[in-house]
>>> print(open('work.txt').read())   # compact mmCIF, C-alpha atoms and all ligand atoms
# COMPACT_ATOMS: atom_id res chain seq x y z
CA MET A 1 0.00 0.00 0.00
CA ARG A 2 1.30 3.48 -0.91
CA ILE A 3 0.44 6.38 1.43
CA GLY A 4 0.99 10.01 0.43
CA VAL A 5 2.27 12.41 3.12
CA LEU A 6 3.76 15.87 3.46
CA GLY A 7 7.54 15.47 3.23
CA PRO A 8 10.46 15.35 3.16
CA ARG A 9 11.28 12.46 5.54
CA GLY A 10 10.94 13.28 9.24
CA SER A 11 7.66 15.24 9.19
CA TYR A 12 4.86 14.85 11.72
CA SER A 13 2.67 13.70 8.83
CA GLU A 14 5.09 10.80 8.36
CA MET A 15 4.80 10.03 12.09
CA ALA A 16 0.99 9.98 11.88
CA ALA A 17 0.98 7.84 8.73
CA SER A 18 3.46 5.31 10.19
CA ARG A 19 1.33 4.97 13.29
CA ARG A 20 -1.78 4.19 11.24
CA PHE A 21 -0.06 2.19 8.44
CA PRO A 22 3.12 0.69 9.97
CA ASP A 23 3.88 -1.55 6.95
CA ALA A 24 2.98 0.83 4.14
CA GLU A 25 5.30 2.50 1.67
CA LEU A 26 5.26 6.27 2.23
CA VAL A 27 5.39 8.69 -0.68
CA TYR A 28 6.51 12.24 0.19
CA PHE A 29 5.06 15.43 -1.30
CA ASP A 30 5.95 19.15 -0.90
CA ASP A 31 2.41 20.34 -0.34
CA ILE A 32 -0.89 19.12 1.14
CA GLU A 33 -2.57 19.75 -2.24
CA ASP A 34 -0.09 17.36 -3.90
CA VAL A 35 -1.22 14.65 -1.45
CA PHE A 36 -4.85 15.16 -2.58
CA ASP A 37 -3.71 15.04 -6.24
CA ALA A 38 -1.75 11.81 -5.66
CA VAL A 39 -4.73 10.00 -4.12
CA GLU A 40 -7.09 11.24 -6.83
CA SER A 41 -4.76 10.18 -9.62
CA HIS A 42 -4.04 6.73 -8.06
CA LYS A 43 -0.34 7.60 -7.47
CA ALA A 44 -1.11 6.81 -3.81
CA ASP A 45 -3.74 4.47 -2.35
CA ALA A 46 -4.45 6.87 0.52
CA GLY A 47 -3.07 10.07 2.01
CA VAL A 48 -2.55 11.37 5.54
CA VAL A 49 -2.96 15.15 6.02
CA PRO A 50 -3.15 17.42 9.11
CA LEU A 51 -6.63 18.76 9.88
CA GLU A 52 -6.51 20.51 13.25
CA ASN A 53 -4.24 21.27 16.17
CA SER A 54 -5.16 21.72 19.81
CA LEU A 55 -3.27 25.05 20.07
CA GLU A 56 -3.70 26.60 16.63
CA GLY A 57 -7.01 25.21 15.36
CA SER A 58 -7.79 24.14 11.82
CA VAL A 59 -5.44 23.67 8.92
CA ALA A 60 -7.42 25.90 6.53
CA LEU A 61 -5.92 24.43 3.37
CA THR A 62 -7.03 20.91 4.31
CA LEU A 63 -10.59 22.09 5.00
CA ASP A 64 -10.74 23.96 1.69
CA LEU A 65 -9.44 20.94 -0.24
CA LEU A 66 -11.87 18.57 1.49
CA LEU A 67 -14.61 20.82 0.17
CA SER A 68 -13.32 21.38 -3.36
CA ARG A 69 -12.13 17.81 -4.08
CA SER A 70 -14.13 14.61 -3.99
CA LEU A 71 -12.07 12.38 -1.70
CA PHE A 72 -13.45 10.80 1.49
CA ILE A 73 -12.09 10.87 5.01
CA CYS A 74 -11.71 7.18 5.90
CA GLY A 75 -9.77 7.49 9.16
CA GLU A 76 -8.25 9.82 11.75
CA VAL A 77 -4.97 9.75 13.70
CA VAL A 78 -4.28 11.97 16.69
CA ILE A 79 -0.64 12.35 17.72
CA PRO A 80 1.14 14.41 20.38
CA ILE A 81 3.34 17.15 18.91
CA ARG A 82 6.58 17.64 20.81
CA HIS A 83 8.73 20.19 19.07
CA CYS A 84 12.52 20.48 19.37
CA LEU A 85 14.88 23.21 18.26
CA LEU A 86 17.43 21.61 15.94
CA GLY A 87 20.61 23.09 14.53
CA ARG A 88 24.25 22.66 13.68
CA GLY A 89 25.75 25.33 15.92
CA ASP A 90 25.26 26.13 19.59
CA PRO A 91 21.97 27.57 20.94
CA ASP A 92 23.36 31.12 21.27
CA SER A 93 24.43 31.33 17.63
CA VAL A 94 20.88 30.92 16.28
CA ARG A 95 19.91 33.95 14.13
CA ILE A 96 17.04 32.53 12.05
CA ILE A 97 14.34 30.07 13.11
CA LEU A 98 12.68 28.05 10.37
CA SER A 99 9.56 25.95 10.41
CA HIS A 100 6.09 25.26 9.13
CA PRO A 101 3.75 28.17 10.08
CA GLN A 102 1.70 25.87 12.38
CA ALA A 103 4.84 24.84 14.27
CA LEU A 104 6.14 28.44 14.58
CA ALA A 105 2.73 29.44 15.97
CA GLN A 106 2.72 26.53 18.42
CA CYS A 107 6.08 27.77 19.84
CA ARG A 108 5.34 31.51 19.73
CA GLN A 109 5.84 32.15 23.45
CA TYR A 110 9.04 30.09 23.59
CA ILE A 111 10.54 32.04 20.67
CA ARG A 112 9.60 35.39 22.23
CA ARG A 113 11.08 34.42 25.57
CA ARG A 114 14.25 32.61 24.46
CA TYR A 115 14.98 34.29 21.09
CA PRO A 116 13.44 37.80 21.18
CA GLY A 117 13.79 39.58 17.83
CA VAL A 118 15.06 36.49 15.99
CA GLU A 119 14.10 36.27 12.30
CA MET A 120 11.44 33.66 11.58
CA ARG A 121 11.04 32.03 8.18
CA THR A 122 8.32 29.67 7.10
CA THR A 123 8.87 26.41 5.24
CA GLY A 124 6.56 23.82 3.65
CA SER A 125 6.95 21.43 6.59
CA THR A 126 8.94 21.00 9.79
CA SER A 127 11.18 18.41 8.13
CA HIS A 128 11.82 20.78 5.25
CA ALA A 129 13.05 23.28 7.87
CA ALA A 130 15.34 20.61 9.35
CA ARG A 131 16.78 19.81 5.93
CA LEU A 132 17.57 23.50 5.38
CA ALA A 133 19.11 23.92 8.84
CA GLN A 134 21.60 21.22 7.84
CA GLU A 135 23.12 23.65 5.34
CA PHE A 136 23.28 26.88 7.37
CA PRO A 137 24.79 27.00 10.88
CA GLU A 138 23.03 30.27 11.82
CA MET A 139 19.64 28.66 11.19
CA ALA A 140 17.69 26.42 13.55
CA ALA A 141 14.60 24.39 12.74
CA ILE A 142 11.56 23.57 14.82
CA ALA A 143 10.91 19.90 14.10
CA ASN A 144 10.75 16.51 15.82
CA LEU A 145 13.45 14.20 17.19
CA GLU A 146 13.17 11.91 14.18
CA ALA A 147 14.12 14.85 11.91
CA ALA A 148 17.21 15.47 14.10
CA LYS A 149 18.35 11.89 13.40
CA THR A 150 17.43 12.01 9.71
CA TYR A 151 19.32 15.26 9.05
CA GLY A 152 22.17 14.80 11.56
CA LEU A 153 21.26 17.88 13.63
CA ARG A 154 21.90 18.66 17.30
CA VAL A 155 18.94 18.94 19.63
CA LEU A 156 19.41 22.51 20.99
CA ASP A 157 16.25 22.41 23.09
CA ARG A 158 13.29 20.08 23.46
CA ASP A 159 9.58 20.26 24.31
CA ILE A 160 9.45 23.91 23.23
CA GLN A 161 5.73 23.96 22.26
CA ASP A 162 3.70 26.47 24.29
CA SER A 163 1.58 23.79 25.96
CA LYS A 164 2.43 20.25 26.98
CA ASN A 165 -0.92 19.19 25.62
CA ASN A 166 -0.15 19.91 21.95
CA MET A 167 -2.00 17.42 19.76
CA THR A 168 -2.59 17.35 16.02
CA ARG A 169 -5.40 15.42 14.38
CA PHE A 170 -4.67 14.02 10.93
CA VAL A 171 -7.19 12.49 8.56
CA VAL A 172 -6.75 9.62 6.14
CA LEU A 173 -7.91 10.44 2.59
CA SER A 174 -9.32 7.77 0.35
CA ARG A 175 -11.27 7.34 -2.85
CA GLU A 176 -13.79 5.17 -0.97
CA MET A 177 -15.98 5.49 2.10
CA SER A 178 -15.12 3.37 5.15
CA LYS A 179 -17.39 0.60 6.50
CA ARG A 180 -19.31 0.88 9.77
CA THR A 181 -17.38 -0.36 12.86
CA GLY A 182 -19.77 0.70 15.64
CA ASN A 183 -17.23 3.22 16.98
CA ASP A 184 -17.36 5.80 14.24
CA LYS A 185 -17.43 9.50 13.55
CA THR A 186 -18.87 11.32 10.55
CA SER A 187 -17.66 14.58 9.01
CA ILE A 188 -20.05 16.71 6.96
CA VAL A 189 -20.08 20.16 5.35
CA VAL A 190 -23.23 22.25 5.33
CA TYR A 191 -23.90 25.41 3.36
CA LEU A 192 -26.71 27.74 4.39
CA GLU A 193 -27.17 30.32 1.70
CA LYS A 194 -27.78 33.76 3.21
CA ASP A 195 -27.94 34.70 6.79
CA ARG A 196 -31.39 34.17 8.38
CA PRO A 197 -32.56 33.76 11.98
CA GLY A 198 -32.41 30.18 13.26
CA ALA A 199 -30.77 28.67 10.16
CA LEU A 200 -27.88 27.08 12.05
CA PHE A 201 -30.19 26.16 14.92
CA ALA A 202 -32.41 24.19 12.47
CA ILE A 203 -29.37 22.12 11.49
CA LEU A 204 -28.08 21.53 15.01
CA ARG A 205 -31.57 20.64 16.21
CA GLU A 206 -31.63 17.58 13.91
CA PHE A 207 -28.72 16.17 15.89
CA ALA A 208 -29.88 17.31 19.33
CA VAL A 209 -33.33 15.68 19.09
CA ARG A 210 -31.71 12.36 18.13
CA ASN A 211 -29.13 12.58 20.91
CA ILE A 212 -26.25 12.65 18.41
CA ASN A 213 -23.12 14.14 19.93
CA LEU A 214 -21.26 16.75 17.87
CA THR A 215 -17.50 16.74 18.42
CA ARG A 216 -16.63 19.80 16.36
CA ILE A 217 -18.10 22.69 14.43
CA GLU A 218 -16.02 25.06 12.37
CA SER A 219 -16.86 27.67 9.77
CA ARG A 220 -14.89 28.60 6.66
CA PRO A 221 -15.62 31.55 4.39
CA SER A 222 -17.51 30.49 1.24
CA ARG A 223 -15.41 32.97 -0.77
CA LYS A 224 -18.62 34.22 -2.35
CA GLU A 225 -19.09 37.24 -0.08
CA LEU A 226 -18.18 38.49 3.38
CA GLY A 227 -20.25 36.82 6.11
CA ASP A 228 -21.11 33.74 3.99
CA TYR A 229 -19.81 30.44 5.37
CA TYR A 230 -19.53 26.69 5.05
CA PHE A 231 -19.94 24.80 8.32
CA PHE A 232 -17.76 21.75 8.91
CA ILE A 233 -19.42 19.49 11.48
CA ASP A 234 -18.10 16.27 13.05
CA LEU A 235 -20.51 13.98 14.88
CA GLU A 236 -20.48 10.62 16.56
CA GLY A 237 -21.94 7.79 14.49
CA HIS A 238 -21.82 6.42 10.93
CA VAL A 239 -23.95 7.47 7.95
CA GLU A 240 -25.33 3.92 7.94
CA ASP A 241 -26.77 4.43 11.47
CA ASP A 242 -30.53 5.13 11.33
CA ALA A 243 -30.33 8.19 13.59
CA VAL A 244 -27.53 9.79 11.54
CA ARG A 245 -29.32 9.05 8.26
CA GLU A 246 -32.54 10.63 9.57
CA ALA A 247 -30.70 13.71 10.85
CA LEU A 248 -29.01 14.16 7.45
CA ASP A 249 -32.35 13.81 5.66
CA GLY A 250 -33.73 16.55 7.91
CA ILE A 251 -30.73 18.80 7.23
CA GLU A 252 -31.05 18.34 3.48
CA LYS A 253 -34.46 20.02 3.71
CA ALA A 254 -33.15 22.98 5.75
CA ALA A 255 -29.78 23.60 4.07
CA ASN A 256 -28.76 24.57 0.56
CA MET A 257 -26.07 21.95 0.45
CA VAL A 258 -24.93 19.08 2.66
CA ARG A 259 -22.06 16.78 1.80
CA VAL A 260 -20.77 13.79 3.74
CA LEU A 261 -16.98 13.93 3.79
CA GLY A 262 -16.78 10.49 5.35
CA SER A 263 -17.64 8.14 8.20
CA TYR A 264 -14.61 6.52 9.81
CA PRO A 265 -13.44 4.80 13.03
CA LYS A 266 -12.59 7.15 15.91
CA ASP A 267 -8.94 7.24 17.02
CA ASN A 268 -9.15 6.21 20.66
CA THR A 269 -5.45 5.52 21.17
CA PRO A 270 -4.13 7.26 24.26
CA SER A 271 -1.62 10.01 23.53
CA GLU A 272 1.96 8.80 24.06
O1 LIG B 1 5.31 20.05 9.06
C1 LIG B 1 5.01 18.90 9.42
O2 LIG B 1 5.82 18.12 9.91
C2 LIG B 1 3.61 18.48 9.23
O3 LIG B 1 3.36 17.31 9.15
C3 LIG B 1 2.55 19.57 9.20
C4 LIG B 1 2.03 19.98 10.57
C5 LIG B 1 0.68 20.81 10.39
O4 LIG B 1 0.41 21.32 9.33
O5 LIG B 1 -0.03 20.95 11.40
C6 LIG B 1 1.72 18.79 11.36
C7 LIG B 1 1.82 18.76 12.71
C8 LIG B 1 2.23 19.96 13.49
O6 LIG B 1 1.01 20.52 13.97
C9 LIG B 1 2.95 20.94 12.66
C10 LIG B 1 2.96 20.87 11.28
>>> encode(input="work.txt", output="structure tokens")
Amino acid sequence: MRIGVLGPRGSYSEMAASRRFPDAELVYFDDIEDVFDAVESHKADAGVVPLENSLEGSVALTLDLLLSRSLFICGEVVIPIRHCLLGRGDPDSVRIILSHPQALAQCRQYIRRRYPGVEMRTTGSTSHAARLAQEFPEMAAIANLEAAKTYGLRVLDRDIQDSKNNMTRFVVLSREMSKRTGNDKTSIVVYLEKDRPGALFAILREFAVRNINLTRIESRPSRKELGDYYFFIDLEGHVEDDAVREALDGIEKAANMVRVLGSYPKDNTPSE
């Protein structure tokens, strides 16, 4: 099985994919959009992409691509994110800190405290930052311990994320929907054209009256006009469950668009 992930080697996406598919062959891409392309064009059988982080919230690009492409979410993987500062020189010679924007944001307070005024540069992934830091001694990368080994870097500091409880949730992308396991979650997108009183309530009510637990609700701009949104909703249950099916039928009547992004087994593995 070939699994597409954000590369190069040593990224957190690789860590998430190896946890879920320990025996698979990983294929590395420069961008999350390339992972979607690879799954769609059969270059990969599935993809693993970041969706949300406990400190920084959603990965907007993943949400937008879930909406604009036609792949399904067929699984989720939640992993703890423990960032290190990696470099070639000593900690006091660091002039530039490189990393993925999510990782820089997750270490904002650490950087302010330990490296005030340092230049920050963004890269396509944390492992990409580590690969660059290999070449320039004045640069340090925020990445994981695996990246330190892969790129032969010193660990200048560890556990530098602003909260110990830093978790990222990844989703598995597939061309097919996953079967019911009895311990599932479903992700949907709902579009309510035009703002009107009670529109969102009418949607949420369909779940509430059937005792369906929602685990997340997030809005993204529709890009049509200011104040117009898509709602991304995660709920407990599978689309094949009667209660979920009935709730979705009810929502179809109240909303302008509802799309099931996928039903998939919940990741219940304890962190660490
Ligand atoms: O850069 C990586 O290593 C990634 O896999 C991306 C990513 C993300 O986009 O959230 C994954 C986990 C961390 O939250 C930081 C970066």
>>> atom_distance(input="work.txt", atom1="atom CA of Ser13 of chain A", atom2="atom CA of His83 of chain A")
13.6 Å
>>> atom_distance(input="work.txt", atom1="atom CA of His238 of chain A", atom2="atom CA of Asp184 of chain A")
5.6 Å
>>> closest_residue(input="work.txt", among="A:Lys179, A:Arg169, A:Arg69, A:Arg121", to="ligand LIG 1 (chain B)", atoms="only C-alpha atoms and all ligand atoms")
A:Arg169
>>> residues_near_ligand(input="work.txt", ligand="ligand LIG 1 (chain B)", cutoff="7 Å", atoms="all atoms listed in the file", output="count of residues only")
19
>>> closest_residue(input="work.txt", among="A:Leu104, A:Val5, A:Leu66, A:Ile73", to="Leu173 of chain A", atoms="all atoms listed in the file")
A:Ile73
>>> atom_distance(input="work.txt", atom1="atom CA of Ala247 of chain A", atom2="atom CA of Ile188 of chain A")
11.7 Å
>>> closest_residue(input="work.txt", among="A:Val77, A:Ala255, A:Met177, A:Cys107", to="Val49 of chain A", atoms="all atoms listed in the file")
A:Val77
>>> closest_residue(input="work.txt", among="A:Glu252, A:Asp267, A:Asp162, A:Glu76", to="Ile203 of chain A", atoms="all atoms listed in the file")
A:Glu252
>>> closest_residue(input="work.txt", among="A:Arg223, A:Leu132, A:Leu204, A:Arg175", to="His42 of chain A", atoms="only C-alpha atoms")
A:Arg175
>>> closest_residue(input="work.txt", among="A:Cys74, A:Ile111, A:Met1, A:Ala44", to="Glu176 of chain A", atoms="all atoms listed in the file")
A:Cys74
>>> residues_around(input="work.txt", residues="His128 of chain A", least_positions_apart="6", cutoff="9 Å", atoms="all atoms listed in the file", output="MDAnalysis selection string")
chainID A and resid 7:11 30 98:100 141 143
>>> residues_near_point(input="work.txt", point="(-4.9, 11.4, -6.5)", cutoff="12 Å", atoms="all atoms listed in the file", output="list in words")
Arg2, Ile3, Gly4, Phe29, Ile32, Glu33, Asp34, Val35, Phe36, Asp37, Ala38, Val39, Glu40, Ser41, His42, Lys43, Ala44, Asp45, Ala46, Gly47, Arg69, Ser70, Leu71, Phe72, Leu173, Ser174 and Arg175 of chain A
>>> build_atoms(input="work.txt", residues="segment 144-170 of chain A", atoms="N, CA and C atoms", output="compact mmCIF listing (two decimals), keeping the file's coordinate frame")
# COMPACT_ATOMS: atom_id res chain seq x y z
N ASN A 144 10.78 17.57 14.80
CA ASN A 144 10.75 16.51 15.82
C ASN A 144 12.10 15.78 15.94
N LEU A 145 12.19 14.90 16.93
CA LEU A 145 13.45 14.20 17.19
C LEU A 145 13.87 13.31 16.02
N GLU A 146 12.89 12.76 15.34
CA GLU A 146 13.17 11.91 14.18
C GLU A 146 13.91 12.72 13.11
N ALA A 147 13.48 13.98 12.92
CA ALA A 147 14.12 14.85 11.91
C ALA A 147 15.57 15.13 12.32
N ALA A 148 15.83 15.24 13.64
CA ALA A 148 17.21 15.47 14.10
C ALA A 148 18.10 14.31 13.65
N LYS A 149 17.57 13.09 13.81
CA LYS A 149 18.35 11.89 13.40
C LYS A 149 18.50 11.86 11.89
N THR A 150 17.40 12.10 11.18
CA THR A 150 17.43 12.01 9.71
C THR A 150 18.43 12.99 9.11
N TYR A 151 18.50 14.22 9.67
CA TYR A 151 19.32 15.26 9.05
C TYR A 151 20.61 15.53 9.83
N GLY A 152 20.91 14.68 10.82
CA GLY A 152 22.17 14.80 11.56
C GLY A 152 22.31 16.12 12.30
N LEU A 153 21.22 16.59 12.93
CA LEU A 153 21.26 17.88 13.63
C LEU A 153 21.34 17.68 15.14
N ARG A 154 21.87 18.68 15.82
CA ARG A 154 21.90 18.66 17.30
C ARG A 154 20.55 19.10 17.84
N VAL A 155 20.17 18.51 18.97
CA VAL A 155 18.94 18.94 19.63
C VAL A 155 19.32 20.08 20.57
N LEU A 156 19.00 21.34 20.20
CA LEU A 156 19.41 22.51 20.99
C LEU A 156 18.49 22.73 22.17
N ASP A 157 17.24 22.29 22.01
CA ASP A 157 16.25 22.41 23.09
C ASP A 157 15.11 21.45 22.75
N ARG A 158 14.39 21.00 23.79
CA ARG A 158 13.29 20.08 23.46
C ARG A 158 12.02 20.46 24.21
N ASP A 159 10.90 19.95 23.75
CA ASP A 159 9.58 20.26 24.31
C ASP A 159 9.36 21.77 24.38
N ILE A 160 9.52 22.43 23.24
CA ILE A 160 9.45 23.91 23.23
C ILE A 160 8.07 24.42 22.84
N GLN A 161 7.10 23.52 22.59
CA GLN A 161 5.73 23.96 22.26
C GLN A 161 5.13 24.67 23.48
N ASP A 162 4.20 25.62 23.21
CA ASP A 162 3.70 26.47 24.29
C ASP A 162 2.77 25.76 25.27
N SER A 163 2.37 24.55 24.99
CA SER A 163 1.58 23.79 25.96
C SER A 163 2.00 22.32 25.84
N LYS A 164 2.04 21.66 27.00
CA LYS A 164 2.43 20.25 26.98
C LYS A 164 1.41 19.44 26.20
N ASN A 165 0.15 19.92 26.26
CA ASN A 165 -0.92 19.19 25.62
C ASN A 165 -1.12 19.66 24.17
N ASN A 166 -0.08 19.48 23.35
CA ASN A 166 -0.15 19.91 21.95
C ASN A 166 -0.40 18.69 21.07
N MET A 167 -1.62 18.61 20.53
CA MET A 167 -2.00 17.42 19.76
C MET A 167 -2.43 17.86 18.36
N THR A 168 -2.07 17.08 17.36
CA THR A 168 -2.59 17.35 16.02
C THR A 168 -3.39 16.15 15.54
N ARG A 169 -4.53 16.46 14.94
CA ARG A 169 -5.40 15.42 14.38
C ARG A 169 -5.21 15.39 12.87
N PHE A 170 -4.84 14.23 12.37
CA PHE A 170 -4.67 14.02 10.93
C PHE A 170 -5.85 13.20 10.43
